[in-house]
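**Q** Just passing along the structure, written as structure tokens.
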Amino acid sequence: MTEVMTREQRCGLLAEAETEELVALADECLTDGVPLRVLSGPEVGVIAAQVREPVLAERFLLGDVLACRAEVELAGHRGWSIRMGDDRAATLAAAVLDAEVQGARPRSARVEQLCREVARRRAERDAAEWAELAPTIVEFEELT
Amino acid sequence: MGYSGARGGLEAILAAEDLVRRARDQADAPWAPTGQITARFRLAVDRVMGEGGIYHEPTAAAALRQAEGDPLEASHLVRAHRTTLPRLAVSEPTDPDEMIVLRRIVPAYRAPEGPQLLGRTTDYTGRLLEQPADRPEPQPREPRDVRERTEGQRRPGRFLDLLRKLDLVTDQRRRDDPEPVDITRKPPRPPAARSAVLSSMARAETGGLVAMWYRSILGPDGHVHEVTMGEIRHGRLPLRVRHPHTGNPVDVGEFRVTEAEAIENLDGPDEDRTKLDVGYGLCFGHNERKAIAMASMDIANRRFGRSGPLEQLLLLTVDGLDSAGFLEHLKLPHYVTFRSIVERKQAMRVVAETSAVPAVRLADQFAKEF
């Protein structure tokens, strides 16, 4: 991912990053004493998973997915995060990192670097997964 | 316990609960951490996520541990936990065609678009009980040269689309877009929108839904006829919400689901007998039995749901918490209920003994009690 990252892409990748790396980088962002206001959360709740089924193209609610949400204001710039699961520290840190980039603050590049690292790991996992799955492709013979 | 007519017994109840806790938590065996349960009992975890209605493996694993491995009790714990949680958002409608498949088979057709991918399964091998004393040694594996996954392998074309191209399936796609019914806010009652029935089946107790499906095939109902499975998939779907600042969609993660399409041969007097129709099943986690039963019952419900009791049965009887909850309440004291039954019998006996009516009741053709 070398092209400019959208805010939505960044939020999606931060939602997948490890807790330790998010918290460490968020702590760094706050070392210059920048004022941080937590606007909401981090709050654990659910996201109702809505699906549009392919037969009649009707929507239905499949169930709920556990998630955590936070919103902050950092130097006057709002940051937002929502992650699957119940990791409050990671969610709050991700919101701080989102605000860091929104405010074009000193560690914006580091945040985007972290996002690219998450994307790289995702691609690596995808390749490893396929290496396991591909040998199970089957071509049954039809009896005639 | 409104009508159980009993009170007291607190010390005995606490002692009984303590027996459960001590035997479970202090058993002479290594503690089963959450990771152990999610890694080694994934199908039980997936079942609890589906029946409990919350996708979160560690929560389901903790519930299974607390419930001593009882999936229904675990689902109950998960549902109760859910009531303590706020709803943060409703996701954008997910298109199942976006699923990244981990397993995909098309039993109806040998060469569908995209691979027949067996994935992680023992469906095609004989299974005998293995009782290893310890963790089995890993089997040596030959390194394989695997090419990069193509888009067609990642998200294969849907078999239903092929049937549509061949004009073999009735096209009942809706032009309107009704809001889905939220059965967690309002219990569905017949007549209900299809979205309510699909949600009810997605949260149904797996055994209950499979039993209803089997009764529909072999039992007196006959709601399922020449069913053949189209797609059966296990894979990951994106969870997508609107960013509150930009209004654009954000993929915040993925959740695993099992999907099934059941193809039914239309043969009713008012149906187009030159066509097929398709039922749809989707549930959290890896639970093929449930998805297949759901797909079959979806098409059965669309054909026969209102002409008989089927819709009512799907809405009101397949939820494990409902059915097992009612069953389990029978274990609570029913002293007053039963005493009233006995007293009625005794009163009838007195009447019989003091009247001309014979004391021993003979079977009467009108099946009336005196």
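Chain labels A, B, ... are given in the sequence in which chains occur in the structure tokens; within each chain residues are numbered consecutively from 1, and ligands are likewise numbered from 1 in the order shown.
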Skipping near chain neighbours, those fewer than 6 positions away, what residues fall within 10 Å of Pro106 in chain A using only C-alpha atoms, listed as a VMD selection string?

**A** chain A and resid 29 32 100

**Q** Selected residues, N, CA and C atoms, written as a tab-separated table (two decimals), in the first residue's frame, please.

**A**
```tsv
chain	number	residue	atom	x	y	z
A	29	CYS	N	2.84	9.66	21.09
A	29	CYS	CA	2.14	10.84	20.56
A	29	CYS	C	1.82	11.84	21.67
A	32	ASP	N	4.53	14.99	24.08
A	32	ASP	CA	4.78	16.43	23.98
A	32	ASP	C	3.77	17.25	24.79
A	100	GLU	N	-3.99	11.88	15.67
A	100	GLU	CA	-2.61	12.33	15.40
A	100	GLU	C	-2.46	12.62	13.90
```

**Q** Would you mind listing, as a CSV table (one decimal) with N, CA and C atoms, in the first residue's frame, all residues of chain B that have at least one atom within 6 Å of chain A, where only C-alpha atoms are what counts?

**A**
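Result written to part-v9.csv:
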```
chain,number,residue,atom,x,y,z
B,53,GLY,N,-25.8,-15.6,19.9
B,53,GLY,CA,-26.1,-14.4,19.1
B,53,GLY,C,-25.0,-13.3,19.2
B,54,ILE,N,-23.8,-13.7,19.8
B,54,ILE,CA,-22.7,-12.7,19.8
B,54,ILE,C,-21.5,-13.3,19.2
B,55,TYR,N,-20.9,-12.7,18.2
B,55,TYR,CA,-19.7,-13.2,17.6
B,55,TYR,C,-18.5,-12.6,18.4
B,56,HIS,N,-17.9,-13.5,19.3
B,56,HIS,CA,-16.7,-13.2,20.0
B,56,HIS,C,-16.2,-14.5,20.6
B,85,LEU,N,-25.0,-5.1,27.2
B,85,LEU,CA,-24.2,-4.3,26.3
B,85,LEU,C,-25.0,-3.4,25.4
B,86,PRO,N,-24.5,-2.2,25.2
B,86,PRO,CA,-25.2,-1.3,24.4
B,86,PRO,C,-24.9,-1.6,22.9
B,87,ARG,N,-25.9,-1.2,22.1
B,87,ARG,CA,-25.6,-1.4,20.6
B,87,ARG,C,-24.9,-0.2,20.1
B,88,LEU,N,-23.7,-0.4,19.6
B,88,LEU,CA,-22.9,0.7,19.1
B,88,LEU,C,-23.3,1.1,17.7
B,89,ALA,N,-23.7,0.2,16.9
B,89,ALA,CA,-24.0,0.5,15.5
B,89,ALA,C,-24.7,-0.7,14.8
B,90,VAL,N,-25.3,-0.5,13.7
B,90,VAL,CA,-25.8,-1.5,12.8
B,90,VAL,C,-24.9,-1.5,11.6
B,91,SER,N,-24.4,-2.6,11.3
B,91,SER,CA,-23.4,-2.7,10.2
B,91,SER,C,-24.1,-2.3,8.9
B,93,PRO,N,-25.1,-3.2,5.2
B,93,PRO,CA,-25.5,-4.6,4.7
B,93,PRO,C,-24.3,-5.3,4.0
B,94,THR,N,-24.0,-6.4,4.5
B,94,THR,CA,-22.9,-7.2,4.0
B,94,THR,C,-23.4,-8.0,2.8
B,95,ASP,N,-22.6,-8.0,1.7
B,95,ASP,CA,-22.9,-8.9,0.6
B,95,ASP,C,-22.2,-10.2,0.8
B,116,GLN,N,-13.7,-26.1,-6.1
B,116,GLN,CA,-14.3,-26.9,-5.0
B,116,GLN,C,-13.2,-27.1,-4.0
B,117,LEU,N,-13.4,-26.4,-2.9
B,117,LEU,CA,-12.3,-26.3,-1.9
B,117,LEU,C,-12.7,-27.0,-0.6
B,118,LEU,N,-12.1,-28.2,-0.3
B,118,LEU,CA,-12.6,-28.9,0.8
B,118,LEU,C,-12.3,-28.2,2.1
B,119,GLY,N,-11.2,-27.6,2.2
B,119,GLY,CA,-10.8,-26.9,3.4
B,119,GLY,C,-10.6,-27.8,4.6
B,146,VAL,N,2.9,-23.2,-3.9
B,146,VAL,CA,1.5,-22.7,-4.1
B,146,VAL,C,1.5,-21.4,-4.8
B,172,GLN,N,-37.2,-14.1,-7.7
B,172,GLN,CA,-38.1,-13.4,-6.7
B,172,GLN,C,-37.5,-12.3,-6.0
B,173,ARG,N,-36.4,-11.7,-6.6
B,173,ARG,CA,-35.7,-10.6,-5.9
B,173,ARG,C,-36.6,-9.4,-5.8
B,174,ARG,N,-36.5,-8.9,-4.6
B,174,ARG,CA,-37.4,-7.8,-4.3
B,174,ARG,C,-36.9,-6.5,-4.8
B,180,PRO,N,-35.0,-4.7,8.0
B,180,PRO,CA,-35.0,-6.0,8.6
B,180,PRO,C,-35.6,-5.9,10.0
B,195,SER,N,-37.3,-11.7,7.1
B,195,SER,CA,-36.1,-11.4,7.8
B,195,SER,C,-36.2,-11.8,9.2
B,199,SER,N,-33.5,-14.5,10.9
B,199,SER,CA,-32.8,-14.1,12.1
B,199,SER,C,-33.1,-15.2,13.2
B,250,VAL,N,-16.3,1.9,6.6
B,250,VAL,CA,-15.0,1.4,7.1
B,250,VAL,C,-15.1,-0.1,7.5
B,251,ASP,N,-14.2,-0.9,7.0
B,251,ASP,CA,-14.1,-2.3,7.4
B,251,ASP,C,-13.4,-2.4,8.7
B,252,VAL,N,-14.1,-2.8,9.7
B,252,VAL,CA,-13.4,-2.8,11.0
B,252,VAL,C,-13.0,-4.2,11.5
```

**Q** Neighbours of range 32-37 of chain B within 7 Å (only C-alpha atoms; same-chain residues fewer than 6 positions away dropped), as a VMD selection string?

**A** chain B and resid 58 61 to 62

**Q** To one decimal place, how far is CA of Arg303 in chain B from CA of Cys283 in chain B in Å?

**A**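 Result for CA of Arg303 in chain B versus CA of Cys283 in chain B: 21.7 Å, one decimal.
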
**Q** Give me every helix (DSSP H, G or I) residue in chain A, going by DSSP on the backbone, as a ChimeraX atom specification.

**A** /A:7-14,19-29,88-102,108-136

**Q** Can you tell me how far CA of Gln102 in chain A sits from CA of His77 in chain A, in Å to one decimal?

**A**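 Rounded to one decimal, the two atoms are 6.3 Å apart.
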
**Q** Among range 22-98 of chain B, which residues carry a DSSP assignment of strand (DSSP E), reported as a list of chain:residue names?

**A**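 Put together, the selection reads B:Ile54, B:Tyr55, B:Arg87, B:Leu88, B:Ala89, B:Val90.
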
**Q** Selected residues, N, CA and C atoms, written as a PDB file, in the first residue's frame, please.

**A**
```pdb
ATOM      1  N   ILE B  54     -23.838 -13.669  19.752  1.00  0.00           N
ATOM      2  CA  ILE B  54     -22.736 -12.697  19.788  1.00  0.00           C
ATOM      3  C   ILE B  54     -21.499 -13.340  19.189  1.00  0.00           C
ATOM      4  N   TYR B  55     -20.914 -12.658  18.222  1.00  0.00           N
ATOM      5  CA  TYR B  55     -19.672 -13.150  17.642  1.00  0.00           C
ATOM      6  C   TYR B  55     -18.497 -12.622  18.449  1.00  0.00           C
ATOM      7  N   ARG B  87     -25.861  -1.228  22.061  1.00  0.00           N
ATOM      8  CA  ARG B  87     -25.641  -1.415  20.617  1.00  0.00           C
ATOM      9  C   ARG B  87     -24.905  -0.181  20.100  1.00  0.00           C
ATOM     10  N   LEU B  88     -23.717  -0.401  19.563  1.00  0.00           N
ATOM     11  CA  LEU B  88     -22.902   0.713  19.085  1.00  0.00           C
ATOM     12  C   LEU B  88     -23.289   1.130  17.668  1.00  0.00           C
ATOM     13  N   ALA B  89     -23.699   0.155  16.873  1.00  0.00           N
ATOM     14  CA  ALA B  89     -24.001   0.457  15.468  1.00  0.00           C
ATOM     15  C   ALA B  89     -24.727  -0.727  14.845  1.00  0.00           C
ATOM     16  N   VAL B  90     -25.340  -0.455  13.726  1.00  0.00           N
ATOM     17  CA  VAL B  90     -25.819  -1.529  12.848  1.00  0.00           C
ATOM     18  C   VAL B  90     -24.899  -1.500  11.639  1.00  0.00           C
TER      19      VAL B  90
END
```

**Q** If you count only C-alpha atoms, which residues fall within 7 Å of Ala26 in chain A, apart from same-chain ones fewer than 6 positions away, as a ChimeraX atom specification?

**A** /A:93,96-97

**Q** Between CA of Ser323 in chain B and CA of Val197 in chain B, what distance in Å does the model show, to one decimal?

**A**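 Pair CA of Ser323 in chain B / CA of Val197 in chain B returns 16.7 Å.
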
**Q** What's around range 103-113 of chain B at 7 Å? Count only C-alpha atoms, leave out sequence neighbours fewer than 6 positions away in its own chain, and write the answer as a short mmCIF file (atom, residue, chain, number, x, y, z; two decimals) with C-alpha atoms, in the first residue's frame.

**A**
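Contents of the output file around-v4.cif:
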```
data_model
loop_
_atom_site.label_atom_id
_atom_site.label_comp_id
_atom_site.auth_asym_id
_atom_site.auth_seq_id
_atom_site.Cartn_x
_atom_site.Cartn_y
_atom_site.Cartn_z
CA PHE A 140 -14.24 -35.21 -8.25
CA GLY B 119 -10.81 -26.86 3.44
CA PRO B 156 -15.72 -17.86 -6.18
CA GLY B 157 -18.74 -17.13 -8.33
CA PHE B 159 -23.79 -21.25 -8.12
CA THR B 228 -30.05 -30.58 -3.37
CA MET B 229 -27.37 -28.36 -1.96
CA GLY B 230 -25.91 -25.63 -4.15
CA GLU B 231 -23.28 -23.67 -2.24
CA ILE B 232 -21.93 -24.71 1.14
CA ARG B 233 -19.31 -22.25 2.30
CA HIS B 234 -17.33 -21.40 5.37
CA GLY B 235 -15.43 -18.15 5.22
#
```

**Q** Would you kindly return, as a list in words, each protein, DNA or RNA residue with an atom no farther than 12 Å from any atom of Ala109 in chain A, considering only C-alpha atoms and excluding same-chain residues fewer than 2 positions away?

**A** Val4, Met5, Arg10, Leu25, Cys29, Leu97, Asp98, Glu100, Val101, Gln102, Gly103, Ala104, Arg105, Pro106, Arg107, Val111, Glu112, Gln113, Leu114, Cys115 and Arg116 of chain A

**Q** Could you pull the residues within 8 Å of Ala324 in chain B, counting only C-alpha atoms, minus those fewer than 4 positions along the same chain, as a list in words?

**A**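 Once the adjacent positions are removed, what remains is Leu72, Gly320 and Glu328 of chain B.
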
**Q** Just write the chosen residues, N, CA and C atoms, as a PDB file, in the first residue's frame.

**A**
```pdb
ATOM      1  N   LEU B  72     -25.836 -25.292  25.359  1.00  0.00           N
ATOM      2  CA  LEU B  72     -27.085 -24.549  25.528  1.00  0.00           C
ATOM      3  C   LEU B  72     -27.003 -23.617  26.740  1.00  0.00           C
ATOM      4  N   GLY B 320     -33.255 -22.207  21.348  1.00  0.00           N
ATOM      5  CA  GLY B 320     -32.832 -23.102  22.428  1.00  0.00           C
ATOM      6  C   GLY B 320     -33.134 -22.554  23.806  1.00  0.00           C
ATOM      7  N   GLU B 328     -36.471 -26.881  31.359  1.00  0.00           N
ATOM      8  CA  GLU B 328     -35.713 -26.914  32.612  1.00  0.00           C
ATOM      9  C   GLU B 328     -36.537 -26.380  33.787  1.00  0.00           C
TER      10      GLU B 328
END
```
